[in-house]
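*Asks:* What follows is my_file18.cif, mmCIF, C-alpha atoms.
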```
data_coords
#
loop_
_atom_site.group_PDB
_atom_site.id
_atom_site.type_symbol
_atom_site.label_atom_id
_atom_site.label_comp_id
_atom_site.auth_asym_id
_atom_site.auth_seq_id
_atom_site.Cartn_x
_atom_site.Cartn_y
_atom_site.Cartn_z
ATOM 1 C CA MET A 145 -10.523 27.745 -19.225
ATOM 2 C CA SER A 146 -10.119 24.395 -17.548
ATOM 3 C CA PHE A 147 -9.883 20.987 -19.120
ATOM 4 C CA ILE A 148 -10.404 17.353 -18.244
ATOM 5 C CA THR A 149 -6.944 16.002 -18.987
ATOM 6 C CA THR A 150 -7.000 12.421 -17.679
ATOM 7 C CA TYR A 151 -9.673 10.048 -16.442
ATOM 8 C CA CYS A 152 -10.057 6.558 -15.071
ATOM 9 C CA HIS A 153 -13.017 4.184 -14.855
ATOM 10 C CA ILE A 154 -13.311 1.114 -12.668
ATOM 11 C CA SER A 155 -16.412 -1.016 -13.103
ATOM 12 C CA ALA A 156 -17.121 -4.446 -11.604
ATOM 13 C CA ASP A 157 -15.111 -6.117 -14.354
ATOM 14 C CA GLN A 158 -12.842 -3.637 -16.046
ATOM 15 C CA CYS A 159 -10.421 -0.823 -15.294
ATOM 16 C CA SER A 160 -9.572 1.736 -17.964
ATOM 17 C CA VAL A 161 -7.555 4.927 -18.259
ATOM 18 C CA ASN A 162 -8.539 7.537 -20.845
ATOM 19 C CA GLY A 163 -10.936 4.969 -22.280
ATOM 20 C CA LYS A 164 -8.266 2.331 -22.790
ATOM 21 C CA ALA A 165 -8.642 -0.917 -20.802
ATOM 22 C CA VAL A 166 -5.687 -1.590 -18.497
ATOM 23 C CA SER A 167 -7.030 -4.447 -16.333
ATOM 24 C CA ALA A 168 -9.787 -7.017 -16.674
ATOM 25 C CA ARG A 169 -11.180 -8.883 -13.688
ATOM 26 C CA ASP A 170 -10.506 -12.559 -13.247
ATOM 27 C CA ARG A 171 -13.672 -13.773 -11.551
ATOM 28 C CA ALA A 172 -12.018 -17.107 -10.736
ATOM 29 C CA ALA A 173 -9.204 -15.459 -8.766
ATOM 30 C CA SER A 174 -9.257 -15.640 -4.976
ATOM 31 C CA GLU A 175 -8.106 -12.052 -4.601
ATOM 32 C CA SER A 176 -10.458 -9.091 -4.618
ATOM 33 C CA TRP A 177 -10.876 -7.145 -7.841
ATOM 34 C CA PHE A 178 -9.065 -4.085 -6.462
ATOM 35 C CA LYS A 179 -6.126 -6.243 -5.358
ATOM 36 C CA GLN A 180 -5.988 -7.737 -8.835
ATOM 37 C CA ILE A 181 -5.636 -4.239 -10.301
ATOM 38 C CA TYR A 182 -3.024 -3.273 -7.700
ATOM 39 C CA LYS A 183 -0.848 -6.282 -8.509
ATOM 40 C CA GLU A 184 -1.364 -6.215 -12.260
ATOM 41 C CA GLN A 185 -0.410 -2.547 -12.395
ATOM 42 C CA GLU A 186 2.635 -3.273 -10.217
ATOM 43 C CA LEU A 187 1.827 -0.549 -7.722
ATOM 44 C CA VAL A 188 3.907 -0.550 -4.538
ATOM 45 C CA TYR A 189 2.303 0.901 -1.429
ATOM 46 C CA PRO A 190 1.941 -1.721 1.350
ATOM 47 C CA LYS A 191 -0.664 0.370 3.159
ATOM 48 C CA PHE A 192 -3.004 -0.406 0.256
ATOM 49 C CA TYR A 193 -3.736 -3.779 1.854
ATOM 50 C CA LYS A 194 -4.996 -2.130 5.015
ATOM 51 C CA MET A 195 -7.345 0.261 3.225
ATOM 52 C CA ASP A 196 -11.067 -0.334 2.860
ATOM 53 C CA SER A 197 -12.601 -0.786 -0.594
ATOM 54 C CA LEU A 198 -13.523 2.879 -0.962
ATOM 55 C CA SER A 199 -9.987 4.046 -0.255
ATOM 56 C CA GLN A 200 -8.527 1.309 -2.456
ATOM 57 C CA ALA A 201 -10.728 2.507 -5.325
ATOM 58 C CA GLY A 202 -9.660 6.132 -4.890
ATOM 59 C CA PHE A 203 -6.017 5.178 -4.466
ATOM 60 C CA LEU A 204 -5.971 2.996 -7.595
ATOM 61 C CA ALA A 205 -7.700 5.559 -9.793
ATOM 62 C CA SER A 206 -5.483 8.419 -8.593
ATOM 63 C CA GLU A 207 -2.303 6.388 -9.101
ATOM 64 C CA LEU A 208 -3.330 5.351 -12.611
ATOM 65 C CA ILE A 209 -4.178 8.960 -13.477
ATOM 66 C CA LYS A 210 -0.763 10.086 -12.194
ATOM 67 C CA ARG A 211 0.944 7.381 -14.218
ATOM 68 C CA GLU A 212 -0.865 8.474 -17.380
ATOM 69 C CA ASN A 213 -0.430 12.191 -16.714
ATOM 70 C CA LYS A 214 3.333 12.250 -16.377
ATOM 71 C CA GLY A 215 4.785 15.151 -14.422
ATOM 72 C CA LEU A 216 1.475 15.956 -12.746
ATOM 73 C CA THR A 217 2.805 16.119 -9.229
ATOM 74 C CA GLY A 218 5.755 18.288 -10.217
ATOM 75 C CA ARG A 219 3.647 20.868 -12.053
ATOM 76 C CA TYR A 220 1.811 22.105 -9.003
ATOM 77 C CA LYS A 221 2.619 23.223 -5.482
ATOM 78 C CA ASP A 222 1.392 20.901 -2.765
ATOM 79 C CA ASP A 223 -1.629 23.094 -2.038
ATOM 80 C CA GLU A 224 -2.649 23.688 -5.650
ATOM 81 C CA ILE A 225 -4.307 20.308 -6.263
ATOM 82 C CA ALA A 226 -7.770 20.095 -4.747
ATOM 83 C CA MET A 227 -9.911 16.985 -4.443
ATOM 84 C CA LEU A 228 -13.652 16.788 -4.966
ATOM 85 C CA PHE A 229 -15.224 13.389 -4.480
ATOM 86 C CA ALA A 230 -18.737 12.073 -4.010
ATOM 87 C CA ASN A 231 -20.842 8.947 -4.033
ATOM 88 C CA GLN A 232 -24.297 7.692 -3.174
ATOM 89 C CA SER A 233 -23.563 5.109 -0.495
ATOM 90 C CA SER A 234 -21.070 6.977 1.700
ATOM 91 C CA SER A 235 -18.940 4.413 3.595
ATOM 92 C CA ALA A 236 -21.798 1.869 3.815
ATOM 93 C CA ASP A 237 -19.633 -0.917 2.401
ATOM 94 C CA THR A 238 -17.224 -0.620 5.338
ATOM 95 C CA ASP A 239 -19.950 0.246 7.844
ATOM 96 C CA LEU A 240 -21.546 -3.136 7.109
ATOM 97 C CA ARG A 241 -18.207 -4.931 7.461
ATOM 98 C CA PHE A 242 -17.630 -3.171 10.771
ATOM 99 C CA ILE A 243 -21.036 -4.240 12.071
ATOM 100 C CA ASN A 244 -20.226 -7.786 10.979
ATOM 101 C CA SER A 245 -16.873 -7.638 12.788
ATOM 102 C CA TYR A 246 -18.475 -7.147 16.174
ATOM 103 C CA GLU A 247 -21.646 -9.142 15.617
ATOM 104 C CA HIS A 248 -19.977 -12.260 14.244
ATOM 105 C CA ASN A 249 -16.233 -12.102 14.854
ATOM 106 C CA GLY A 250 -16.262 -11.435 18.539
ATOM 107 C CA ALA A 251 -14.742 -7.972 18.602
ATOM 108 C CA PRO A 252 -15.069 -4.694 16.695
ATOM 109 C CA SER A 253 -12.149 -4.169 14.361
ATOM 110 C CA PRO A 254 -10.276 -0.883 14.985
ATOM 111 C CA SER A 255 -8.796 -0.962 11.488
ATOM 112 C CA LEU A 256 -12.294 -1.170 9.983
ATOM 113 C CA PHE A 257 -13.654 1.488 12.311
ATOM 114 C CA VAL A 258 -11.210 4.124 11.078
ATOM 115 C CA TYR A 259 -12.676 3.759 7.581
ATOM 116 C CA THR A 260 -16.297 4.273 8.602
ATOM 117 C CA LEU A 261 -16.317 7.765 7.118
ATOM 118 C CA PRO A 262 -16.298 8.339 3.345
ATOM 119 C CA ASN A 263 -13.808 11.210 3.356
ATOM 120 C CA ILE A 264 -10.993 9.005 4.681
ATOM 121 C CA VAL A 265 -10.159 8.191 1.062
ATOM 122 C CA LEU A 266 -9.221 11.838 0.550
ATOM 123 C CA GLY A 267 -6.819 11.625 3.472
ATOM 124 C CA GLU A 268 -5.243 8.482 2.047
ATOM 125 C CA ILE A 269 -4.642 10.132 -1.343
ATOM 126 C CA ALA A 270 -3.391 13.311 0.332
ATOM 127 C CA ILE A 271 -0.941 11.321 2.478
ATOM 128 C CA VAL A 272 0.453 9.363 -0.473
ATOM 129 C CA ASN A 273 0.976 12.493 -2.556
ATOM 130 C CA LYS A 274 1.531 15.096 0.155
ATOM 131 C CA TRP A 275 -1.276 17.164 -1.354
ATOM 132 C CA TYR A 276 -2.524 19.807 1.035
ATOM 133 C CA GLY A 277 -5.122 21.464 -1.181
ATOM 134 C CA GLU A 278 -8.780 21.850 -0.304
ATOM 135 C CA ASN A 279 -10.867 18.706 -0.380
ATOM 136 C CA MET A 280 -14.421 17.583 0.174
ATOM 137 C CA PHE A 281 -16.470 14.422 -0.094
ATOM 138 C CA ALA A 282 -20.202 14.776 -0.750
ATOM 139 C CA VAL A 283 -22.870 12.113 -0.382
ATOM 140 C CA LEU A 284 -25.440 12.710 -3.113
ATOM 141 C CA PRO A 285 -28.684 10.977 -4.161
ATOM 142 C CA LYS A 286 -27.139 10.164 -7.562
ATOM 143 C CA PHE A 287 -24.242 11.074 -9.852
ATOM 144 C CA ALA A 288 -24.520 14.833 -10.378
ATOM 145 C CA PRO A 289 -22.243 16.256 -13.091
ATOM 146 C CA GLY A 290 -23.525 19.763 -12.353
ATOM 147 C CA PHE A 291 -22.299 19.508 -8.765
ATOM 148 C CA PHE A 292 -18.776 18.657 -9.927
ATOM 149 C CA ALA A 293 -18.762 21.369 -12.608
ATOM 150 C CA ASP A 294 -20.001 24.094 -10.249
ATOM 151 C CA TYR A 295 -17.975 23.171 -7.171
ATOM 152 C CA GLY A 296 -14.901 22.415 -9.284
ATOM 153 C CA GLN A 297 -15.024 25.883 -10.826
ATOM 154 C CA ILE A 298 -15.271 27.423 -7.357
ATOM 155 C CA LEU A 299 -12.153 25.518 -6.292
ATOM 156 C CA LEU A 300 -10.319 26.632 -9.433
ATOM 157 C CA SER A 301 -11.269 30.248 -8.821
ATOM 158 C CA THR A 302 -10.105 30.212 -5.212
ATOM 159 C CA GLY A 303 -6.523 28.993 -5.466
ATOM 160 C CA ALA A 304 -6.538 25.489 -6.894
ATOM 161 C CA LYS A 305 -4.901 24.969 -10.279
ATOM 162 C CA ALA A 306 -5.992 21.373 -10.614
ATOM 163 C CA VAL A 307 -8.865 19.358 -9.163
ATOM 164 C CA LEU A 308 -8.983 15.598 -8.856
ATOM 165 C CA CYS A 309 -12.686 14.789 -9.106
ATOM 166 C CA GLY A 310 -14.231 11.426 -8.428
ATOM 167 C CA TRP A 311 -17.448 9.472 -8.156
ATOM 168 C CA LEU A 312 -16.672 6.448 -5.978
ATOM 169 C CA GLY A 313 -19.615 4.108 -6.184
ATOM 170 C CA VAL A 314 -18.473 1.118 -4.134
ATOM 171 C CA LEU A 315 -20.995 -1.101 -2.370
ATOM 172 C CA GLY A 316 -20.323 -4.828 -2.424
ATOM 173 C CA ASP A 317 -19.967 -5.875 -6.035
ATOM 174 C CA ASN A 318 -21.686 -2.740 -7.292
ATOM 175 C CA ILE A 319 -18.691 -0.790 -8.495
ATOM 176 C CA GLU A 320 -19.080 2.451 -10.412
ATOM 177 C CA VAL A 321 -15.867 4.423 -10.139
ATOM 178 C CA PHE A 322 -15.092 7.420 -12.325
ATOM 179 C CA VAL A 323 -12.180 9.681 -11.398
ATOM 180 C CA TRP A 324 -10.943 12.542 -13.548
ATOM 181 C CA LEU A 325 -8.387 15.291 -13.370
ATOM 182 C CA VAL A 326 -9.206 18.891 -14.209
ATOM 183 C CA GLU A 327 -6.379 21.300 -14.968
ATOM 184 C CA SER A 328 -6.590 25.020 -15.576
ATOM 185 C CA GLU A 329 -3.121 25.768 -16.904
ATOM 186 C CA THR A 330 -2.928 23.087 -19.560
ATOM 187 C CA ASN A 331 -4.376 23.012 -23.015
ATOM 188 C CA GLY A 332 -6.781 20.219 -23.726
ATOM 189 C CA SER A 333 -9.601 19.213 -25.971
ATOM 190 C CA LEU A 334 -12.185 18.403 -23.331
ATOM 191 C CA ASN A 335 -13.611 21.447 -21.601
ATOM 192 C CA PHE A 336 -14.500 20.903 -17.967
ATOM 193 C CA ASN A 337 -18.253 21.306 -17.990
ATOM 194 C CA GLN A 338 -21.352 19.406 -16.975
ATOM 195 C CA GLU A 339 -21.967 17.926 -20.423
ATOM 196 C CA ASN A 340 -18.473 16.522 -20.848
ATOM 197 C CA VAL A 341 -18.396 15.124 -17.323
ATOM 198 C CA LEU A 342 -21.669 13.286 -17.962
ATOM 199 C CA LYS A 343 -20.517 12.096 -21.381
ATOM 200 C CA LEU A 344 -17.178 10.780 -20.097
ATOM 201 C CA SER A 345 -18.742 9.149 -17.046
ATOM 202 C CA GLY A 346 -20.724 6.720 -19.162
ATOM 203 C CA PHE A 347 -23.421 6.833 -16.480
ATOM 204 C CA ASN A 348 -27.085 6.933 -17.314
ATOM 205 C CA PRO A 349 -28.300 10.543 -16.871
ATOM 206 C CA ALA A 350 -31.756 9.385 -15.712
ATOM 207 C CA MET B 183 7.026 -21.670 22.875
ATOM 208 C CA GLU B 184 8.197 -21.922 19.262
ATOM 209 C CA ASN B 185 4.719 -23.017 18.171
ATOM 210 C CA LEU B 186 3.207 -20.060 19.986
ATOM 211 C CA LYS B 187 5.556 -17.639 18.212
ATOM 212 C CA GLU B 188 4.744 -19.195 14.836
ATOM 213 C CA ASP B 189 1.013 -18.939 15.579
ATOM 214 C CA LEU B 190 1.451 -15.328 16.669
ATOM 215 C CA LYS B 191 3.177 -14.431 13.404
ATOM 216 C CA LYS B 192 0.331 -15.973 11.399
ATOM 217 C CA GLN B 193 -2.250 -14.211 13.546
ATOM 218 C CA ILE B 194 -0.472 -10.843 13.184
ATOM 219 C CA ILE B 195 -0.369 -11.236 9.401
ATOM 220 C CA GLU B 196 -4.063 -12.155 9.289
ATOM 221 C CA GLN B 197 -5.330 -9.565 11.749
ATOM 222 C CA LEU B 198 -3.285 -6.713 10.297
ATOM 223 C CA ASN B 199 -3.699 -7.645 6.610
ATOM 224 C CA LEU B 200 0.058 -7.780 6.029
ATOM 225 C CA GLU B 201 -0.351 -9.504 2.707
ATOM 226 C CA ASP B 202 3.189 -9.119 1.431
ATOM 227 C CA ILE B 203 4.704 -10.658 4.534
ATOM 228 C CA THR B 204 5.152 -14.312 5.507
ATOM 229 C CA PRO B 205 5.840 -15.646 9.021
ATOM 230 C CA ALA B 206 9.430 -16.294 7.943
ATOM 231 C CA ASP B 207 9.856 -12.558 7.284
ATOM 232 C CA ILE B 208 9.157 -11.695 10.922
ATOM 233 C CA ALA B 209 12.139 -12.286 13.192
ATOM 234 C CA ASP B 210 11.237 -13.222 16.746
ATOM 235 C CA ASP B 211 13.019 -10.154 18.079
ATOM 236 C CA ALA B 212 12.091 -7.680 15.306
ATOM 237 C CA LEU B 213 10.621 -4.453 16.724
ATOM 238 C CA LEU B 214 6.987 -4.397 15.641
ATOM 239 C CA PHE B 215 6.555 -0.611 15.773
ATOM 240 C CA ASP B 216 9.910 0.342 14.311
ATOM 241 C CA ASP B 217 10.379 1.146 10.615
ATOM 242 C CA GLY B 218 13.288 -1.266 10.692
ATOM 243 C CA GLY B 219 10.862 -3.950 11.860
ATOM 244 C CA LEU B 220 7.228 -4.214 10.797
ATOM 245 C CA GLY B 221 6.527 -0.472 10.927
ATOM 246 C CA LEU B 222 3.165 -0.869 12.642
ATOM 247 C CA ASP B 223 1.085 2.160 13.651
ATOM 248 C CA SER B 224 -1.330 3.083 16.449
ATOM 249 C CA ILE B 225 -4.326 1.427 14.757
ATOM 250 C CA ASP B 226 -2.286 -1.755 14.453
ATOM 251 C CA ALA B 227 -1.652 -1.564 18.197
ATOM 252 C CA LEU B 228 -5.410 -1.674 18.747
ATOM 253 C CA GLU B 229 -5.615 -4.655 16.399
ATOM 254 C CA LEU B 230 -2.965 -6.441 18.473
ATOM 255 C CA ILE B 231 -5.111 -5.898 21.566
ATOM 256 C CA VAL B 232 -8.069 -7.423 19.692
ATOM 257 C CA LEU B 233 -5.817 -10.277 18.523
ATOM 258 C CA LEU B 234 -4.812 -11.179 22.076
ATOM 259 C CA GLU B 235 -8.437 -11.266 23.175
ATOM 260 C CA LYS B 236 -9.721 -13.074 20.090
ATOM 261 C CA PHE B 237 -7.081 -15.787 19.794
ATOM 262 C CA HIS B 238 -5.759 -16.066 23.355
ATOM 263 C CA GLY B 239 -8.576 -14.835 25.582
ATOM 264 C CA ILE B 240 -6.349 -12.177 27.132
ATOM 265 C CA GLN B 241 -7.547 -8.645 27.833
ATOM 266 C CA VAL B 242 -4.911 -5.932 27.927
ATOM 267 C CA VAL B 243 -6.284 -3.323 30.327
ATOM 268 C CA ASN B 244 -3.063 -1.643 31.391
ATOM 269 C CA PRO B 245 -1.504 0.454 28.577
ATOM 270 C CA GLU B 246 1.920 0.167 30.198
ATOM 271 C CA GLU B 247 1.730 -3.624 29.900
ATOM 272 C CA GLY B 248 0.919 -3.276 26.193
ATOM 273 C CA LYS B 249 3.974 -1.117 25.569
ATOM 274 C CA VAL B 250 6.232 -3.890 26.782
ATOM 275 C CA ALA B 251 4.191 -6.804 25.450
ATOM 276 C CA PHE B 252 3.937 -5.497 21.889
ATOM 277 C CA ARG B 253 7.637 -4.804 21.428
ATOM 278 C CA SER B 254 8.258 -7.984 19.435
ATOM 279 C CA VAL B 255 6.917 -11.499 18.842
ATOM 280 C CA ASP B 256 9.274 -12.664 21.608
ATOM 281 C CA THR B 257 7.739 -10.266 24.137
ATOM 282 C CA MET B 258 4.191 -11.059 23.000
ATOM 283 C CA ALA B 259 4.806 -14.770 23.536
ATOM 284 C CA ASP B 260 6.325 -14.079 26.974
ATOM 285 C CA TYR B 261 3.347 -11.922 27.887
ATOM 286 C CA ILE B 262 0.830 -14.595 26.815
ATOM 287 C CA LEU B 263 2.594 -17.324 28.782
ATOM 288 C CA LYS B 264 2.867 -15.069 31.838
ATOM 289 C CA ARG B 265 -0.817 -14.137 31.719
ATOM 290 C CA LYS B 266 -1.879 -17.754 31.279
ATOM 291 C CA SER B 267 0.299 -19.127 34.054
#
```
Would you put the structure from the file into structure tokens?

*Replies:*
Amino acid sequence: MSFITTYCHISADQCSVNGKAVSARDRAASESWFKQIYKEQELVYPKFYKMDSLSQAGFLASELIKRENKGLTGRYKDDEIAMLFANQSSSADTDLRFINSYEHNGAPSPSLFVYTLPNIVLGEIAIVNKWYGENMFAVLPKFAPGFFADYGQILLSTGAKAVLCGWLGVLGDNIEVFVWLVESETNGSLNFNQENVLKLSGFNPA
Amino acid sequence: MENLKEDLKKQIIEQLNLEDITPADIADDALLFDDGGLGLDSIDALELIVLLEKFHGIQVVNPEEGKVAFRSVDTMADYILKRKS
């Protein structure tokens, strides 16, 4: 059996962990919403400022899940935590910024260019945590709980003992982030299956 | 010269998104790519090349020149003045 043990949502205006709000967006603030969360949660990782929005979203959610799920990193070997992420818009948010950098700012930005692939977020999380487990980032037509349930079970049956799953919907101000941790050697009340993933996501199944 | 160094520090902070750092935190002779200095990486080096072109109209075409020029704010300022003279 495997269970969903911790989860984090980030919408355009609110960030919550296990359903409990931890940050609310100040629309009047000059800083971006993800930077507001970073500062309010007192996270310390200077490279955060260099990341694109997609990586910032994944970083924030994974850090908040780790904070809530104390001892997570010590419970598993570095190759026993897999990552399974997906979204609908790939790295389009950064792709558009990159295009803008060379069309309007005179020169293409190397630091934007390196984020013009969606799976870079997995590398960022792996680097922070020194997680060397299997990982994949899928670009799907819409949120697909069945994809996560099926692929997650495959990962758990082929060496992983935990899977950090995530839907990272980040495109401009359209923010639909849902990241959850699945563990196979812990007791829990939420079975890892398609129904519970959909229910916890809060997304419209249509 | 001092104005140029101050401008360079502001431009480095802006171009490299070093949000926790102020110009006063960057010593003129601090090694930019050393962990004891700013701890910049290879992508940052590319951003510095873009910075020189964008703000100072200077193209760095010889990698060996870049190695010396990007050692510190002092060396960047020297390099800019040399190229413009």

*Asks:* For chain B, list the residues within 9 Å of chain A, counting all atoms listed in the file, and write the list as a PyMOL selection string.

*Replies:* chain B and resi 198-202+225-226+228-229+232+235-236

*Asks:* Applying the PyMOL selection byres ((chain A and resi 289) around 9) to the file I just gave you, which residues come out? Please list them as a compact mmCIF listing (two decimals) with C-alpha atoms, in the frame of the given file.

*Replies:*
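Listed below is the output, part_2.txt:
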```
# COMPACT_ATOMS: atom_id res chain seq x y z
CA PHE A 287 -24.24 11.07 -9.85
CA ALA A 288 -24.52 14.83 -10.38
CA GLY A 290 -23.52 19.76 -12.35
CA PHE A 291 -22.30 19.51 -8.76
CA PHE A 292 -18.78 18.66 -9.93
CA ALA A 293 -18.76 21.37 -12.61
CA ASP A 294 -20.00 24.09 -10.25
CA ASN A 337 -18.25 21.31 -17.99
CA GLN A 338 -21.35 19.41 -16.98
CA GLU A 339 -21.97 17.93 -20.42
CA ASN A 340 -18.47 16.52 -20.85
CA VAL A 341 -18.40 15.12 -17.32
CA LEU A 342 -21.67 13.29 -17.96
CA SER A 345 -18.74 9.15 -17.05
```

*Asks:* If we count all atoms listed in the file, what is near B:Val242 at a cut-off of 12 Å, once residues fewer than 4 positions away on the same chain are taken out, given as number ranges by chain?

*Replies:* B: 227-236, 238, 246-252, 258, 261-262, 265

*Asks:* Skip A:Asn335 itself and residues of its chain fewer than 5 positions away, then list as a list of chain:residue names all residues within 10 Å of it, counting all atoms listed in the file.

*Replies:*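 Listing them by chain and then by number gives A:Met145, A:Ser146, A:Phe147, A:Ile148, A:Thr149, A:Val326, A:Glu327, A:Ser328, A:Asn340, A:Val341.
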
*Asks:* Hey, can you check how far atom CA of A:Val265 sits from atom CA of A:Ser199?

*Replies:*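 Atom CA of A:Ser199 lies at a distance of 4.4 Å from atom CA of A:Val265.
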
*Asks:* Which value, in Å to one decimal, gives the distance between atom CA of B:Ile240 and atom CA of B:Gly221?

*Replies:*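 Spanning atom CA of B:Ile240 to atom CA of B:Gly221 is a straight-line distance of 23.8 Å.
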
*Asks:* Grab the atom CA of A:Glu329 to atom CA of A:Thr302 distance for me, in Å with one decimal place.

*Replies:*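 For atom CA of A:Glu329 relative to atom CA of A:Thr302, the distance reads 14.3 Å.
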
*Asks:* Leaving out B:Asp211 and any residue of its chain fewer than 4 positions from it, which residues lie within 7 Å of it when counting all atoms listed in the file, given as a PyMOL selection string?

*Replies:* chain B and resi 254-256

*Asks:* With all atoms listed in the file counted, which protein, DNA or RNA residues have an atom no more than 12 Å from (-11.6, 25.8, -6.2) in the file frame? Please answer as a ChimeraX atom specification.

*Replies:* /A:146,223-228,277-280,292-309,326-328

*Asks:* List as a ChimeraX atom specification the residues having at least one atom at most 12 Å from position (9.5, -7.7, 15.7) as given in the file, counting all atoms listed in the file.

*Replies:* /B:187,190-191,194,205-222,251-259

*Asks:* Go ahead and save the picked residues with C-alpha atoms, as a PDB file, in the frame of the given file.

*Replies:*
```pdb
ATOM      1  CA  LYS B 187       5.556 -17.639  18.212  1.00  0.00           C
ATOM      2  CA  LEU B 190       1.451 -15.328  16.669  1.00  0.00           C
ATOM      3  CA  LYS B 191       3.177 -14.431  13.404  1.00  0.00           C
ATOM      4  CA  ILE B 194      -0.472 -10.843  13.184  1.00  0.00           C
ATOM      5  CA  PRO B 205       5.840 -15.646   9.021  1.00  0.00           C
ATOM      6  CA  ALA B 206       9.430 -16.294   7.943  1.00  0.00           C
ATOM      7  CA  ASP B 207       9.856 -12.558   7.284  1.00  0.00           C
ATOM      8  CA  ILE B 208       9.157 -11.695  10.922  1.00  0.00           C
ATOM      9  CA  ALA B 209      12.139 -12.286  13.192  1.00  0.00           C
ATOM     10  CA  ASP B 210      11.237 -13.222  16.746  1.00  0.00           C
ATOM     11  CA  ASP B 211      13.019 -10.154  18.079  1.00  0.00           C
ATOM     12  CA  ALA B 212      12.091  -7.680  15.306  1.00  0.00           C
ATOM     13  CA  LEU B 213      10.621  -4.453  16.724  1.00  0.00           C
ATOM     14  CA  LEU B 214       6.987  -4.397  15.641  1.00  0.00           C
ATOM     15  CA  PHE B 215       6.555  -0.611  15.773  1.00  0.00           C
ATOM     16  CA  ASP B 216       9.910   0.342  14.311  1.00  0.00           C
ATOM     17  CA  ASP B 217      10.379   1.146  10.615  1.00  0.00           C
ATOM     18  CA  GLY B 218      13.288  -1.266  10.692  1.00  0.00           C
ATOM     19  CA  GLY B 219      10.862  -3.950  11.860  1.00  0.00           C
ATOM     20  CA  LEU B 220       7.228  -4.214  10.797  1.00  0.00           C
ATOM     21  CA  GLY B 221       6.527  -0.472  10.927  1.00  0.00           C
ATOM     22  CA  LEU B 222       3.165  -0.869  12.642  1.00  0.00           C
ATOM     23  CA  ALA B 251       4.191  -6.804  25.450  1.00  0.00           C
ATOM     24  CA  PHE B 252       3.937  -5.497  21.889  1.00  0.00           C
ATOM     25  CA  ARG B 253       7.637  -4.804  21.428  1.00  0.00           C
ATOM     26  CA  SER B 254       8.258  -7.984  19.435  1.00  0.00           C
ATOM     27  CA  VAL B 255       6.917 -11.499  18.842  1.00  0.00           C
ATOM     28  CA  ASP B 256       9.274 -12.664  21.608  1.00  0.00           C
ATOM     29  CA  THR B 257       7.739 -10.266  24.137  1.00  0.00           C
ATOM     30  CA  MET B 258       4.191 -11.059  23.000  1.00  0.00           C
ATOM     31  CA  ALA B 259       4.806 -14.770  23.536  1.00  0.00           C
TER      32      ALA B 259
END
```

*Asks:* Which residue out of B:Gly239, B:Glu184, B:Pro245, B:Asp189 has the minimum interatomic distance to B:Lys266 when all atoms listed in the file are used?

*Replies:*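 Comparing B:Gly239, B:Glu184, B:Pro245, B:Asp189 against B:Lys266, the winner is B:Gly239.
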
*Asks:* Quick one: axis-aligned box around all listed atoms of stretch 302-317 of chain A, 4 Å on every side, centre and edge lengths in Å to one decimal, written as lines of an AutoDock Vina configuration file.

*Replies:*
```
center_x = -12.9
center_y = 12.2
center_z = -6.5
size_x = 24.1
size_y = 44.1
size_z = 16.2
```

*Asks:* Report as a list in words the residues that result from applying the PyMOL selection byres ((chain A and resi 319) around 10) to the structure here.

*Replies:*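 For this structure, the PyMOL selection byres ((chain A and resi 319) around 10) resolves to His153, Ile154, Ser155, Ala156, Asp157, Gln158, Ser197, Leu198, Ala201, Leu312, Gly313, Val314, Leu315, Gly316, Asp317, Asn318, Glu320, Val321 and Phe322 of chain A.
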
*Asks:* Running the PyMOL selection byres ((chain A and resi 203-213) around 7) on this model by hand, what would come out? Give it as a PyMOL selection string.

*Replies:* chain A and resi 150-152+182+199-202+214-216+269+323

*Asks:* Would you fill out stretch 251-259 of chain B with N, CA and C atoms and return it as a JSON list (two decimals), in the frame of the given file?

*Replies:*
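Written output follows (result06.json):
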```json
[["chain", "number", "residue", "atom", "x", "y", "z"],
["B", 251, "ALA", "N", 4.61, -5.55, 26.09],
["B", 251, "ALA", "CA", 4.19, -6.80, 25.45],
["B", 251, "ALA", "C", 4.30, -6.74, 23.93],
["B", 252, "PHE", "N", 3.99, -5.60, 23.35],
["B", 252, "PHE", "CA", 3.94, -5.50, 21.89],
["B", 252, "PHE", "C", 5.26, -5.07, 21.25],
["B", 253, "ARG", "N", 6.33, -5.20, 21.98],
["B", 253, "ARG", "CA", 7.64, -4.80, 21.43],
["B", 253, "ARG", "C", 8.05, -5.73, 20.29],
["B", 254, "SER", "N", 7.84, -7.02, 20.46],
["B", 254, "SER", "CA", 8.26, -7.98, 19.43],
["B", 254, "SER", "C", 7.43, -9.26, 19.60],
["B", 255, "VAL", "N", 7.60, -10.21, 18.71],
["B", 255, "VAL", "CA", 6.92, -11.50, 18.84],
["B", 255, "VAL", "C", 7.41, -12.20, 20.10],
["B", 256, "ASP", "N", 8.70, -12.09, 20.37],
["B", 256, "ASP", "CA", 9.27, -12.66, 21.61],
["B", 256, "ASP", "C", 8.53, -12.16, 22.84],
["B", 257, "THR", "N", 8.36, -10.84, 22.93],
["B", 257, "THR", "CA", 7.74, -10.27, 24.14],
["B", 257, "THR", "C", 6.24, -10.59, 24.19],
["B", 258, "MET", "N", 5.61, -10.68, 23.01],
["B", 258, "MET", "CA", 4.19, -11.06, 23.00],
["B", 258, "MET", "C", 4.01, -12.48, 23.53],
["B", 259, "ALA", "N", 4.89, -13.37, 23.08],
["B", 259, "ALA", "CA", 4.81, -14.77, 23.54],
["B", 259, "ALA", "C", 5.05, -14.84, 25.04]]
```
